[in-house]
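**Q** The following file, protein.txt, comprises compact mmCIF, C-alpha atoms:
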# COMPACT_ATOMS: atom_id res chain seq x y z
CA MET R 1 -14.55 6.52 -16.98
CA LYS R 2 -11.94 6.60 -19.72
CA CYS R 3 -8.24 5.88 -19.37
CA ARG R 4 -6.34 9.15 -19.07
CA ARG R 5 -3.53 7.87 -21.26
CA CYS R 6 -5.25 5.98 -24.13
CA LYS R 7 -8.98 6.81 -23.68
CA ALA R 8 -10.00 3.12 -23.54
CA PRO R 9 -12.53 2.12 -20.82
CA ALA R 10 -10.85 2.42 -17.42
CA ILE R 11 -10.73 -0.34 -14.81
CA ILE R 12 -9.28 1.64 -11.89
CA ASP R 13 -9.68 5.21 -10.75
CA LEU R 14 -7.00 7.00 -8.73
CA PRO R 15 -8.58 10.06 -7.10
CA ARG R 16 -5.19 11.33 -5.87
CA HIS R 17 -4.07 11.68 -9.49
CA ASN R 18 -7.55 12.80 -10.60
CA ALA R 19 -7.23 10.06 -13.21
CA ALA R 20 -8.37 6.60 -14.25
CA PHE R 21 -6.47 3.98 -16.24
CA CYS R 22 -7.07 0.86 -18.33
CA ALA R 23 -5.13 -2.28 -17.34
CA ASP R 24 -2.17 -1.74 -19.69
CA CYS R 25 -1.76 1.94 -18.87
CA PHE R 26 -2.12 1.27 -15.14
CA THR R 27 0.75 -1.25 -15.15
CA HIS R 28 2.76 1.27 -17.22
CA GLN R 29 1.98 3.91 -14.57
CA CYS R 30 3.19 1.55 -11.79
CA ARG R 31 6.45 0.86 -13.61
CA GLU R 32 7.03 4.58 -14.13
CA GLN R 33 6.39 5.34 -10.44
CA VAL R 34 8.92 2.68 -9.39
CA LYS R 35 11.51 3.96 -11.87
CA ARG R 36 10.95 7.49 -10.61
CA ALA R 37 11.39 6.47 -6.95
CA ILE R 38 14.57 4.54 -7.74
CA HIS R 39 16.01 7.45 -9.74
CA GLU R 40 14.91 10.20 -7.34
CA HIS R 41 16.46 8.56 -4.29
CA HIS R 42 19.43 6.86 -6.02
CA MET R 43 18.22 3.50 -4.75
CA ILE R 44 19.83 1.09 -7.20
CA GLU R 45 22.66 1.75 -9.65
CA PRO R 46 23.12 -0.27 -12.86
CA GLY R 47 24.86 -3.59 -12.24
CA GLU R 48 24.19 -3.72 -8.51
CA SER R 49 22.88 -6.97 -7.03
CA VAL R 50 19.46 -6.75 -5.40
CA LEU R 51 17.81 -8.95 -2.78
CA VAL R 52 14.02 -8.53 -2.46
CA ALA R 53 12.40 -9.42 0.86
CA VAL R 54 9.30 -11.40 -0.15
CA SER R 55 6.47 -12.47 2.12
CA GLY R 56 3.91 -13.89 -0.31
CA GLY R 57 1.76 -10.76 0.08
CA LYS R 58 0.75 -8.30 -2.62
CA ASP R 59 3.42 -5.67 -2.03
CA SER R 60 6.54 -7.81 -2.05
CA LEU R 61 5.41 -9.98 -4.98
CA ALA R 62 4.38 -6.87 -6.96
CA LEU R 63 7.79 -5.33 -6.18
CA TRP R 64 9.65 -8.42 -7.37
CA ASP R 65 7.56 -8.45 -10.56
CA LEU R 66 7.99 -4.70 -11.15
CA LEU R 67 11.78 -4.84 -10.73
CA HIS R 68 11.89 -7.71 -13.19
CA GLU R 69 9.65 -5.76 -15.62
CA ILE R 70 11.83 -2.64 -15.57
CA GLY R 71 14.99 -4.66 -16.14
CA ILE R 72 16.46 -4.83 -12.64
CA PRO R 73 17.38 -8.46 -11.86
CA ALA R 74 16.70 -9.41 -8.26
CA ASP R 75 16.74 -12.54 -6.13
CA GLY R 76 14.18 -13.14 -3.40
CA LEU R 77 14.47 -13.90 0.30
CA TYR R 78 11.59 -15.55 2.16
CA LEU R 79 11.59 -15.83 5.93
CA GLY R 80 9.54 -18.67 7.48
CA LEU R 81 8.02 -17.12 10.60
CA GLY R 82 6.29 -20.21 11.99
CA ILE R 83 2.84 -18.62 12.23
CA GLY R 84 0.82 -21.78 11.66
CA ASP R 85 -1.10 -22.25 8.39
CA TYR R 86 -0.59 -18.58 7.55
CA SER R 87 3.17 -19.08 7.16
CA ASP R 88 2.73 -22.36 5.27
CA GLU R 89 0.49 -20.62 2.74
CA SER R 90 2.67 -17.52 2.41
CA GLY R 91 5.64 -19.74 1.59
CA GLU R 92 3.63 -21.53 -1.08
CA TYR R 93 2.59 -18.26 -2.77
CA THR R 94 6.20 -17.08 -2.75
CA ARG R 95 7.67 -20.31 -4.13
CA ALA R 96 4.98 -20.50 -6.82
CA PHE R 97 5.80 -16.96 -7.98
CA ALA R 98 9.54 -17.65 -8.04
CA ARG R 99 9.03 -20.89 -9.99
CA SER R 100 6.65 -19.39 -12.56
CA HIS R 101 8.99 -16.45 -13.21
CA GLY R 102 12.23 -18.45 -13.12
CA LEU R 103 13.60 -16.37 -10.23
CA HIS R 104 16.03 -17.43 -7.50
CA LEU R 105 14.63 -17.61 -3.98
CA HIS R 106 16.60 -17.87 -0.73
CA GLU R 107 14.72 -19.26 2.24
CA VAL R 108 15.40 -18.90 5.96
CA ASP R 109 13.28 -20.77 8.49
CA LEU R 110 13.19 -19.37 12.01
CA ARG R 111 12.15 -22.59 13.70
CA SER R 112 14.57 -25.03 12.07
CA GLN R 113 17.52 -22.65 11.72
CA TYR R 114 17.18 -20.39 14.77
CA GLY R 115 15.13 -22.54 17.16
CA TYR R 116 12.11 -20.25 17.61
CA ASP R 117 9.01 -18.90 15.91
CA ILE R 118 7.18 -15.57 16.11
CA PRO R 119 4.23 -16.67 18.30
CA GLY R 120 6.65 -18.22 20.79
CA ALA R 121 9.04 -15.25 20.74
CA ALA R 122 6.22 -12.80 21.39
CA GLU R 123 4.93 -14.86 24.28
CA VAL R 124 8.29 -15.34 25.96
CA THR R 125 9.67 -11.84 25.53
CA HIS R 126 6.35 -10.00 26.07
CA ARG R 127 6.99 -8.08 22.85
CA SER R 128 4.11 -7.58 20.45
CA PRO R 129 4.17 -10.26 17.72
CA CYS R 130 4.77 -7.50 15.15
CA GLY R 131 7.70 -6.23 17.22
CA ALA R 132 9.32 -9.67 17.38
CA CYS R 133 8.62 -10.20 13.68
CA GLY R 134 10.03 -6.83 12.61
CA LEU R 135 13.19 -7.31 14.68
CA SER R 136 13.75 -10.79 13.19
CA LYS R 137 13.12 -9.60 9.64
CA ARG R 138 15.38 -6.54 9.85
CA HIS R 139 18.23 -8.57 11.28
CA LEU R 140 17.99 -11.57 8.96
CA PHE R 141 17.35 -9.65 5.72
CA ASN R 142 20.48 -7.63 6.46
CA GLN R 143 22.47 -10.71 7.52
CA VAL R 144 21.64 -12.67 4.37
CA ALA R 145 22.41 -9.64 2.17
CA LEU R 146 25.85 -9.28 3.77
CA ASP R 147 26.59 -13.03 3.77
CA GLU R 148 25.56 -13.44 0.13
CA ASN R 149 27.20 -10.20 -1.04
CA TYR R 150 24.11 -8.33 -2.23
CA ASP R 151 24.50 -4.57 -2.65
CA VAL R 152 20.91 -3.69 -1.85
CA VAL R 153 17.96 -5.04 0.15
CA ALA R 154 14.63 -3.96 -1.37
CA THR R 155 11.42 -4.15 0.66
CA GLY R 156 7.78 -3.77 -0.38
CA HIS R 157 6.94 -0.86 1.94
CA ASN R 158 4.36 1.21 0.09
CA LEU R 159 3.00 4.74 0.41
CA ASP R 160 0.40 3.65 2.99
CA ASP R 161 3.03 1.89 5.11
CA GLU R 162 5.24 4.96 5.09
CA ALA R 163 2.37 7.36 5.81
CA ALA R 164 1.17 5.19 8.73
CA VAL R 165 4.64 4.87 10.25
CA LEU R 166 5.24 8.60 9.83
CA PHE R 167 1.87 9.36 11.42
CA GLY R 168 2.73 7.14 14.41
CA ASN R 169 6.21 8.62 14.78
CA VAL R 170 4.84 12.18 14.67
CA LEU R 171 2.07 11.44 17.15
CA ARG R 172 4.69 10.34 19.67
CA TRP R 173 7.52 12.57 18.39
CA GLU R 174 9.86 9.61 17.99
CA THR R 175 12.71 11.80 16.77
CA ALA R 176 15.28 9.01 16.29
CA TYR R 177 12.78 7.00 14.26
CA LEU R 178 11.90 10.09 12.22
CA GLY R 179 15.59 10.52 11.45
CA ARG R 180 15.75 6.98 10.08
CA GLN R 181 12.51 7.08 8.05
CA PHE R 182 13.56 7.63 4.45
CA PRO R 183 13.05 5.73 1.16
CA VAL R 184 16.72 4.74 1.14
CA LEU R 185 19.08 3.99 4.02
CA PRO R 186 22.69 4.03 2.84
CA ALA R 187 25.08 1.16 3.45
CA THR R 188 27.24 1.63 6.54
CA PRO R 189 29.62 -0.80 8.26
CA GLY R 190 27.52 -3.85 9.17
CA PHE R 191 24.48 -2.70 7.20
CA ALA R 192 23.55 -3.28 3.55
CA ARG R 193 21.75 -0.46 1.72
CA LYS R 194 17.97 -0.67 2.21
CA VAL R 195 15.54 0.72 -0.35
CA LYS R 196 11.77 1.03 -0.68
CA PRO R 197 10.92 1.34 -4.38
CA LEU R 198 7.12 1.29 -3.80
CA VAL R 199 6.95 4.52 -1.78
CA ARG R 200 5.11 6.31 -4.59
CA LEU R 201 2.39 3.61 -4.86
CA THR R 202 -0.50 2.86 -2.47
CA GLU R 203 -1.44 -0.58 -1.26
CA ARG R 204 -4.71 -0.40 -3.22
CA GLU R 205 -2.60 0.16 -6.32
CA MET R 206 -0.36 -2.79 -5.47
CA ALA R 207 -3.37 -5.08 -4.94
CA ALA R 208 -4.77 -3.90 -8.28
CA TYR R 209 -1.41 -4.49 -9.96
CA CYS R 210 -1.41 -8.10 -8.73
CA VAL R 211 -4.98 -8.70 -9.92
CA ILE R 212 -4.19 -7.26 -13.37
CA ARG R 213 -0.90 -9.14 -13.69
CA GLY R 214 -2.45 -12.41 -12.52
CA ILE R 215 -0.14 -12.62 -9.49
CA ASP R 216 -1.60 -14.96 -6.85
CA TYR R 217 -0.86 -13.50 -3.45
CA GLN R 218 -1.91 -14.13 0.13
CA VAL R 219 -4.99 -11.93 0.56
CA GLU R 220 -5.53 -13.05 4.13
CA GLU R 221 -4.07 -10.73 6.77
CA CYS R 222 -1.52 -12.07 9.26
CA PRO R 223 -3.56 -13.43 12.20
CA MET R 224 -1.07 -11.92 14.64
CA ALA R 225 -1.43 -8.38 13.23
CA ALA R 226 -5.06 -7.99 14.37
CA GLY R 227 -5.35 -4.83 16.43
CA ASN R 228 -1.97 -3.58 15.24
CA ARG R 229 -1.81 0.18 15.67
CA HIS R 230 -0.48 0.72 12.15
CA ILE R 231 -3.72 -0.69 10.77
CA ALA R 232 -5.64 1.85 12.85
CA PHE R 233 -3.38 4.64 11.53
CA LYS R 234 -4.05 3.49 7.97
CA GLU R 235 -7.79 3.56 8.54
CA VAL R 236 -7.60 7.13 9.83
CA LEU R 237 -5.38 8.22 6.93
CA ASN R 238 -7.72 6.60 4.39
CA GLN R 239 -10.63 8.57 5.81
CA LEU R 240 -8.59 11.77 5.39
CA GLU R 241 -7.64 10.64 1.88
CA GLN R 242 -11.29 10.23 0.99
CA LYS R 243 -12.04 13.81 2.05
CA SER R 244 -8.89 15.18 0.46
CA PRO R 245 -7.28 12.95 -2.19
CA GLY R 246 -3.49 13.20 -2.24
CA THR R 247 -3.15 13.75 1.52
CA LYS R 248 -1.03 10.62 2.13
CA ALA R 249 1.37 11.39 -0.72
CA ALA R 250 1.70 15.03 0.36
CA PHE R 251 2.36 13.93 3.96
CA THR R 252 5.18 11.54 3.08
CA SER R 253 6.80 13.44 0.21
CA GLY R 254 6.64 16.68 2.19
CA PHE R 255 8.36 14.98 5.14
CA TRP R 256 11.15 13.62 2.96
CA SER R 257 11.75 16.91 1.18
CA ARG R 258 11.21 19.37 4.03
CA GLY R 259 11.01 17.57 7.38
CA HIS R 260 13.38 14.61 7.49
CA GLN R 261 16.58 16.65 7.51
CA ALA R 262 15.64 18.18 10.87
CA PHE R 263 15.84 14.74 12.50
CA ALA R 264 18.61 13.10 10.46
CA ALA R 265 21.46 14.15 12.77
CA GLU R 266 20.04 12.13 15.65
CA ALA R 267 19.97 8.97 13.55
CA ASP R 268 23.50 9.68 12.26
CA ASP R 269 24.80 10.09 15.84
CA GLU R 270 23.20 6.79 16.82
CA ARG R 271 24.83 4.93 13.94
CA ALA R 272 28.23 6.48 14.67
CA THR R 273 28.29 4.99 18.16
CA LEU R 274 27.33 1.41 17.28
CA LEU R 275 29.46 -1.49 18.51
CA PRO R 276 29.50 -5.13 17.33
CA CYS R 277 27.24 -7.69 19.03
CA VAL R 278 29.32 -10.09 21.13
CA GLU R 279 27.56 -13.07 19.54
CA CYS R 280 26.85 -12.32 15.88
CA GLY R 281 28.92 -9.18 15.23
CA ALA R 282 25.95 -7.13 14.01
CA PRO R 283 26.04 -3.44 14.99
CA THR R 284 24.28 -2.73 18.26
CA THR R 285 23.85 0.24 20.58
CA THR R 286 24.89 -1.68 23.69
CA GLY R 287 28.14 -3.35 22.64
CA ASP R 288 26.82 -6.47 24.34
CA ARG R 289 24.32 -8.92 22.84
CA CYS R 290 22.20 -7.37 20.07
CA ALA R 291 18.41 -7.29 20.29
CA PHE R 292 18.08 -10.16 17.79
CA CYS R 293 20.49 -12.44 19.66
CA SER R 294 18.73 -11.66 22.95
CA LEU R 295 15.35 -12.46 21.42
CA ARG R 296 16.67 -15.63 19.85
CA ALA R 297 18.31 -16.82 23.08
CA ARG R 298 15.18 -16.37 25.18
CA ALA R 299 12.73 -17.65 22.57
CA SER R 300 14.76 -20.70 21.54
CA ALA R 301 15.39 -21.67 25.18
CA ALA R 302 11.65 -21.54 25.87
CA ALA R 303 10.84 -23.41 22.66
CA SER R 304 13.11 -26.28 23.66
CA GLU R 305 11.11 -26.85 26.84
CA PRO R 306 8.97 -29.99 26.45
CA ASN R 307 5.22 -29.71 25.78
CA ARG R 308 5.24 -25.95 25.31
CA PRO R 309 1.96 -25.09 23.54
CA ILE R 310 2.16 -22.65 20.64
CA GLU R 311 -0.92 -20.47 20.37
CA VAL R 312 -1.83 -19.06 16.99
CA PRO R 313 -4.98 -16.91 16.80
CA VAL R 314 -7.85 -18.11 14.65
CA THR R 315 -7.58 -16.59 11.18
CA LEU R 316 -10.50 -14.45 10.02
CA ARG R 317 -10.97 -14.32 6.27
CA SER R 318 -12.67 -11.15 5.02
CA GLU R 319 -14.90 -11.80 2.05
CA THR R 320 -18.06 -10.39 0.52
CA MET L 1 -27.39 -9.10 -0.76
CA VAL L 2 -27.90 -5.50 -1.82
CA PRO L 3 -30.60 -4.66 -4.37
CA GLY L 4 -29.34 -3.10 -7.61
CA PRO L 5 -28.68 -1.72 -10.03
CA MET L 6 -26.33 0.77 -8.43
CA THR L 7 -22.85 2.22 -8.92
CA VAL L 8 -19.79 0.85 -7.15
CA ALA L 9 -19.50 4.14 -5.24
CA ALA L 10 -23.10 3.83 -4.05
CA LEU L 11 -22.53 0.22 -3.02
CA LEU L 12 -19.47 1.16 -0.94
CA THR L 13 -21.33 4.06 0.66
CA ARG L 14 -24.24 1.76 1.46
CA LEU L 15 -21.85 -0.72 3.11
CA GLU L 16 -19.95 2.11 4.87
CA ILE L 17 -16.65 1.05 3.28
CA VAL L 18 -13.91 3.61 2.60
CA PRO L 19 -13.13 3.24 -1.15
CA GLU L 20 -9.37 3.60 -0.63
CA SER L 21 -9.35 0.48 1.56
CA VAL L 22 -10.72 -2.02 -1.00
CA LEU L 23 -10.73 -3.22 -4.59
CA VAL L 24 -14.05 -4.08 -6.21
CA ILE L 25 -13.87 -7.01 -8.60
CA ASN L 26 -16.82 -7.89 -10.85
CA GLY L 27 -16.29 -11.38 -12.28
CA ASP L 28 -12.53 -11.30 -12.78
CA THR L 29 -12.28 -7.62 -13.69
CA LEU L 30 -11.58 -4.57 -11.57
CA VAL L 31 -14.27 -1.90 -11.79
CA THR L 32 -14.11 1.87 -11.28
CA HIS L 33 -16.23 3.67 -8.72
CA ASP L 34 -18.63 5.00 -11.37
CA ALA L 35 -19.25 1.53 -12.87
CA ARG L 36 -22.88 0.43 -12.74
CA LEU L 37 -23.58 -2.97 -11.19
CA ALA L 38 -26.58 -4.98 -12.36
CA ASP L 39 -29.11 -6.27 -9.86
CA ASP L 40 -27.78 -9.82 -10.27
CA ALA L 41 -24.06 -8.89 -10.20
CA GLU L 42 -21.87 -10.80 -7.76
CA VAL L 43 -18.86 -8.74 -6.79
CA GLU L 44 -15.87 -9.34 -4.57
CA ILE L 45 -14.92 -6.49 -2.26
CA ARG L 46 -11.30 -7.26 -1.45
CA PRO L 47 -9.62 -5.52 1.50
CA VAL L 48 -6.19 -4.11 0.70
CA ILE L 49 -5.02 -2.85 4.09
CA SER L 50 -2.26 -4.92 5.61
CA GLY L 51 -0.46 -4.29 8.84
CA GLY L 52 2.22 -5.84 10.93
CA ALA L 53 5.95 -5.49 11.13
CA THR L 54 7.58 -2.54 9.42
Would you give me this structure, written as structure tokens?
**A**
Amino acid sequence: MKCRRCKAPAIIDLPRHNAAFCADCFTHQCREQVKRAIHEHHMIEPGESVLVAVSGGKDSLALWDLLHEIGIPADGLYLGLGIGDYSDESGEYTRAFARSHGLHLHEVDLRSQYGYDIPGAAEVTHRSPCGACGLSKRHLFNQVALDENYDVVATGHNLDDEAAVLFGNVLRWETAYLGRQFPVLPATPGFARKVKPLVRLTEREMAAYCVIRGIDYQVEECPMAAGNRHIAFKEVLNQLEQKSPGTKAAFTSGFWSRGHQAFAAEADDERATLLPCVECGAPTTTGDRCAFCSLRARASAAASEPNRPIEVPVTLRSET
Amino acid sequence: MVPGPMTVAALLTRLEIVPESVLVINGDTLVTHDARLADDAEVEIRPVISGGAT
């Protein structure tokens, strides 16, 4: 195969674009897709301060690198989740990237600063680990952005993430979630603006970008995500994509241009009725303790009990 | 071990792997699905699907 742009030998083919690219033209293509997403959805204006949520995985490190490459300065925020060796390694990948690129990294550690970790929180609250993790991340990314006066929080959600979440929300007709699913969520009282600049790029493309750019990332999957339903949704969508390239992009872009508006009012109504959490002041639907403070209270109380074992599943490394 | 030579696409079909879910790396270089792999090639098939909190 030849590169569509320069006709040199290609190293990656993208069936959804009916094209293949050499390494240089592929990274150019990734930069252009990020610029287009940022422009199309008015994600980041010139001069605004950006905080990137980084996990040590391919998507968030690629996002940090891409923003840097297209001239958008951004600081990073890493959240220590306390998931055994997995978290130790993810922190090392993130710090190494920040050091080698001369970028500023904020760190928050759940165990030492908030008294709990994700395995313990999931066990105590009977939430799924991914539920406890997502709640903690959403709250703390927003909190740090507000405390440190960042205009925008950028996350590494890619096209596959968005397609899988949309698929799940449609299957169960989660209308409030559908109203909130958009590449940019505007700032409102108590919330920083949240943007997803990778929505036009797949996770295969982000993994390829890291390989080409020499970015060391944590290939290993989170041991607590095994059996997660979003992974199952991604597998189904990738089978559809193989039969009909471009399906995932058409699904998400079509929703944002023609479907989202039908559900937006419900999300707007929900935001209009939010009240401050009695403990941390973050907006909440109850006007009492927010979901994060409730989780933290229960999980940290249990964690302070003596001799509580923390169970972390055995990590399976997938190699050929 | 899979006997070659064969294309990357044929290898993935043989292993029943959906191409969109992996990268194929020969040595330290990515390869396209039509690339031909020698009988003695050692390739990494790297999963790219990640899940978890959204």
**Q** Find the residues around region 38-47 of chain L up to 10 Å (all atoms listed in the file counted), leave out those fewer than 5 positions away in its own chain, and share them as a PyMOL selection string.
**A** (chain R and resi 203-204+207+219-221+318-320) or (chain L and resi 1-8+12+17+19-31)
**Q** Just write the chosen residues, C-alpha atoms, as a CSV table (one decimal), keeping the file's coordinate frame.
**A**
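The resulting file, out.csv, is shown below:
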chain,number,residue,atom,x,y,z
R,203,GLU,CA,-1.4,-0.6,-1.3
R,204,ARG,CA,-4.7,-0.4,-3.2
R,207,ALA,CA,-3.4,-5.1,-4.9
R,219,VAL,CA,-5.0,-11.9,0.6
R,220,GLU,CA,-5.5,-13.0,4.1
R,221,GLU,CA,-4.1,-10.7,6.8
R,318,SER,CA,-12.7,-11.2,5.0
R,319,GLU,CA,-14.9,-11.8,2.0
R,320,THR,CA,-18.1,-10.4,0.5
L,1,MET,CA,-27.4,-9.1,-0.8
L,2,VAL,CA,-27.9,-5.5,-1.8
L,3,PRO,CA,-30.6,-4.7,-4.4
L,4,GLY,CA,-29.3,-3.1,-7.6
L,5,PRO,CA,-28.7,-1.7,-10.0
L,6,MET,CA,-26.3,0.8,-8.4
L,7,THR,CA,-22.8,2.2,-8.9
L,8,VAL,CA,-19.8,0.8,-7.2
L,12,LEU,CA,-19.5,1.2,-0.9
L,17,ILE,CA,-16.6,1.0,3.3
L,19,PRO,CA,-13.1,3.2,-1.2
L,20,GLU,CA,-9.4,3.6,-0.6
L,21,SER,CA,-9.4,0.5,1.6
L,22,VAL,CA,-10.7,-2.0,-1.0
L,23,LEU,CA,-10.7,-3.2,-4.6
L,24,VAL,CA,-14.0,-4.1,-6.2
L,25,ILE,CA,-13.9,-7.0,-8.6
L,26,ASN,CA,-16.8,-7.9,-10.8
L,27,GLY,CA,-16.3,-11.4,-12.3
L,28,ASP,CA,-12.5,-11.3,-12.8
L,29,THR,CA,-12.3,-7.6,-13.7
L,30,LEU,CA,-11.6,-4.6,-11.6
L,31,VAL,CA,-14.3,-1.9,-11.8
**Q** What are the nearest atom pairs, with distances in Å to one decimal, for all residues of region 180-298 of chain R that come at most 6 Å from region 45-61 of chain R, using all atoms listed in the file, set out by chain and rising residue number as JSON lines?
**A**
{"residue": "R:Met206", "atom": "CA", "partner": "R:Asp59", "partner_atom": "CA", "distance": 5.9}
{"residue": "R:Ala207", "atom": "CA", "partner": "R:Lys58", "partner_atom": "CA", "distance": 5.7}
{"residue": "R:Tyr217", "atom": "CA", "partner": "R:Gly57", "partner_atom": "CA", "distance": 5.2}
{"residue": "R:Gln218", "atom": "CA", "partner": "R:Gly57", "partner_atom": "CA", "distance": 5.0}
**Q** How would the residues just chosen look if you wrote them out with C-alpha atoms as a CSV table (one decimal), in the coordinates of the input?
**A**
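Printed below is out-v6.csv as written:
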chain,number,residue,atom,x,y,z
R,206,MET,CA,-0.4,-2.8,-5.5
R,207,ALA,CA,-3.4,-5.1,-4.9
R,217,TYR,CA,-0.9,-13.5,-3.4
R,218,GLN,CA,-1.9,-14.1,0.1
**Q** May I ask you to extract the residues of chain R within 7 Å of chain L, using only C-alpha atoms, and to give them as a PyMOL selection string?
**A** chain R and resi 10-13+130-131+133-134+203-204+207+221+225+228+230-231+238-239+319-320
**Q** Which residue, R:Ser128, R:Gln261, R:Asn142, R:Ser244, has the smallest gap to Arg180 (chain R) when you use all atoms listed in the file?
**A** R:Gln261
**Q** Excluding Cys290 (chain R) and residues on its chain fewer than 3 positions from it, collect all residues at most 9 Å away from it, counting all atoms listed in the file, and give them as JSON, numbers by chain.
**A** {"R": [276, 277, 278, 279, 280, 281, 282, 283, 284, 285, 286, 287, 293, 294, 295]}
**Q** For the selection just defined, write its residues with C-alpha atoms to a file, as a short mmCIF file (atom, residue, chain, number, x, y, z; two decimals), in the coordinates of the input.
**A**
data_model
loop_
_atom_site.label_atom_id
_atom_site.label_comp_id
_atom_site.auth_asym_id
_atom_site.auth_seq_id
_atom_site.Cartn_x
_atom_site.Cartn_y
_atom_site.Cartn_z
CA PRO R 276 29.50 -5.13 17.33
CA CYS R 277 27.24 -7.69 19.03
CA VAL R 278 29.32 -10.09 21.13
CA GLU R 279 27.56 -13.07 19.54
CA CYS R 280 26.85 -12.32 15.88
CA GLY R 281 28.92 -9.18 15.23
CA ALA R 282 25.95 -7.13 14.01
CA PRO R 283 26.04 -3.44 14.99
CA THR R 284 24.28 -2.73 18.26
CA THR R 285 23.85 0.24 20.58
CA THR R 286 24.89 -1.68 23.69
CA GLY R 287 28.14 -3.35 22.64
CA CYS R 293 20.49 -12.44 19.66
CA SER R 294 18.73 -11.66 22.95
CA LEU R 295 15.35 -12.46 21.42
#
**Q** Can you work out the spacing between CA of Trp256 (chain R) and CA of Ala19 (chain R) in Å, to one decimal?
**A**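 Answer for the CA of Trp256 (chain R) to CA of Ala19 (chain R) separation: 24.7 Å.
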**Q** Counting only C-alpha atoms, which residues sit no farther than 9 Å from the position (8.7, -0.7, -5.2) in the file's frame? I'd like them as JSON, numbers by chain.
**A** {"R": [30, 31, 33, 34, 35, 37, 38, 59, 60, 62, 63, 64, 66, 67, 154, 155, 156, 157, 158, 195, 196, 197, 198, 199, 200, 201]}
**Q** I need every residue sitting at most 9 Å from the point (17.0, -17.4, 14.4) (coordinates as in the file, only C-alpha atoms considered), written as a PyMOL selection string.
**A** chain R and resi 108-117+136+140+292-293+295-297+300
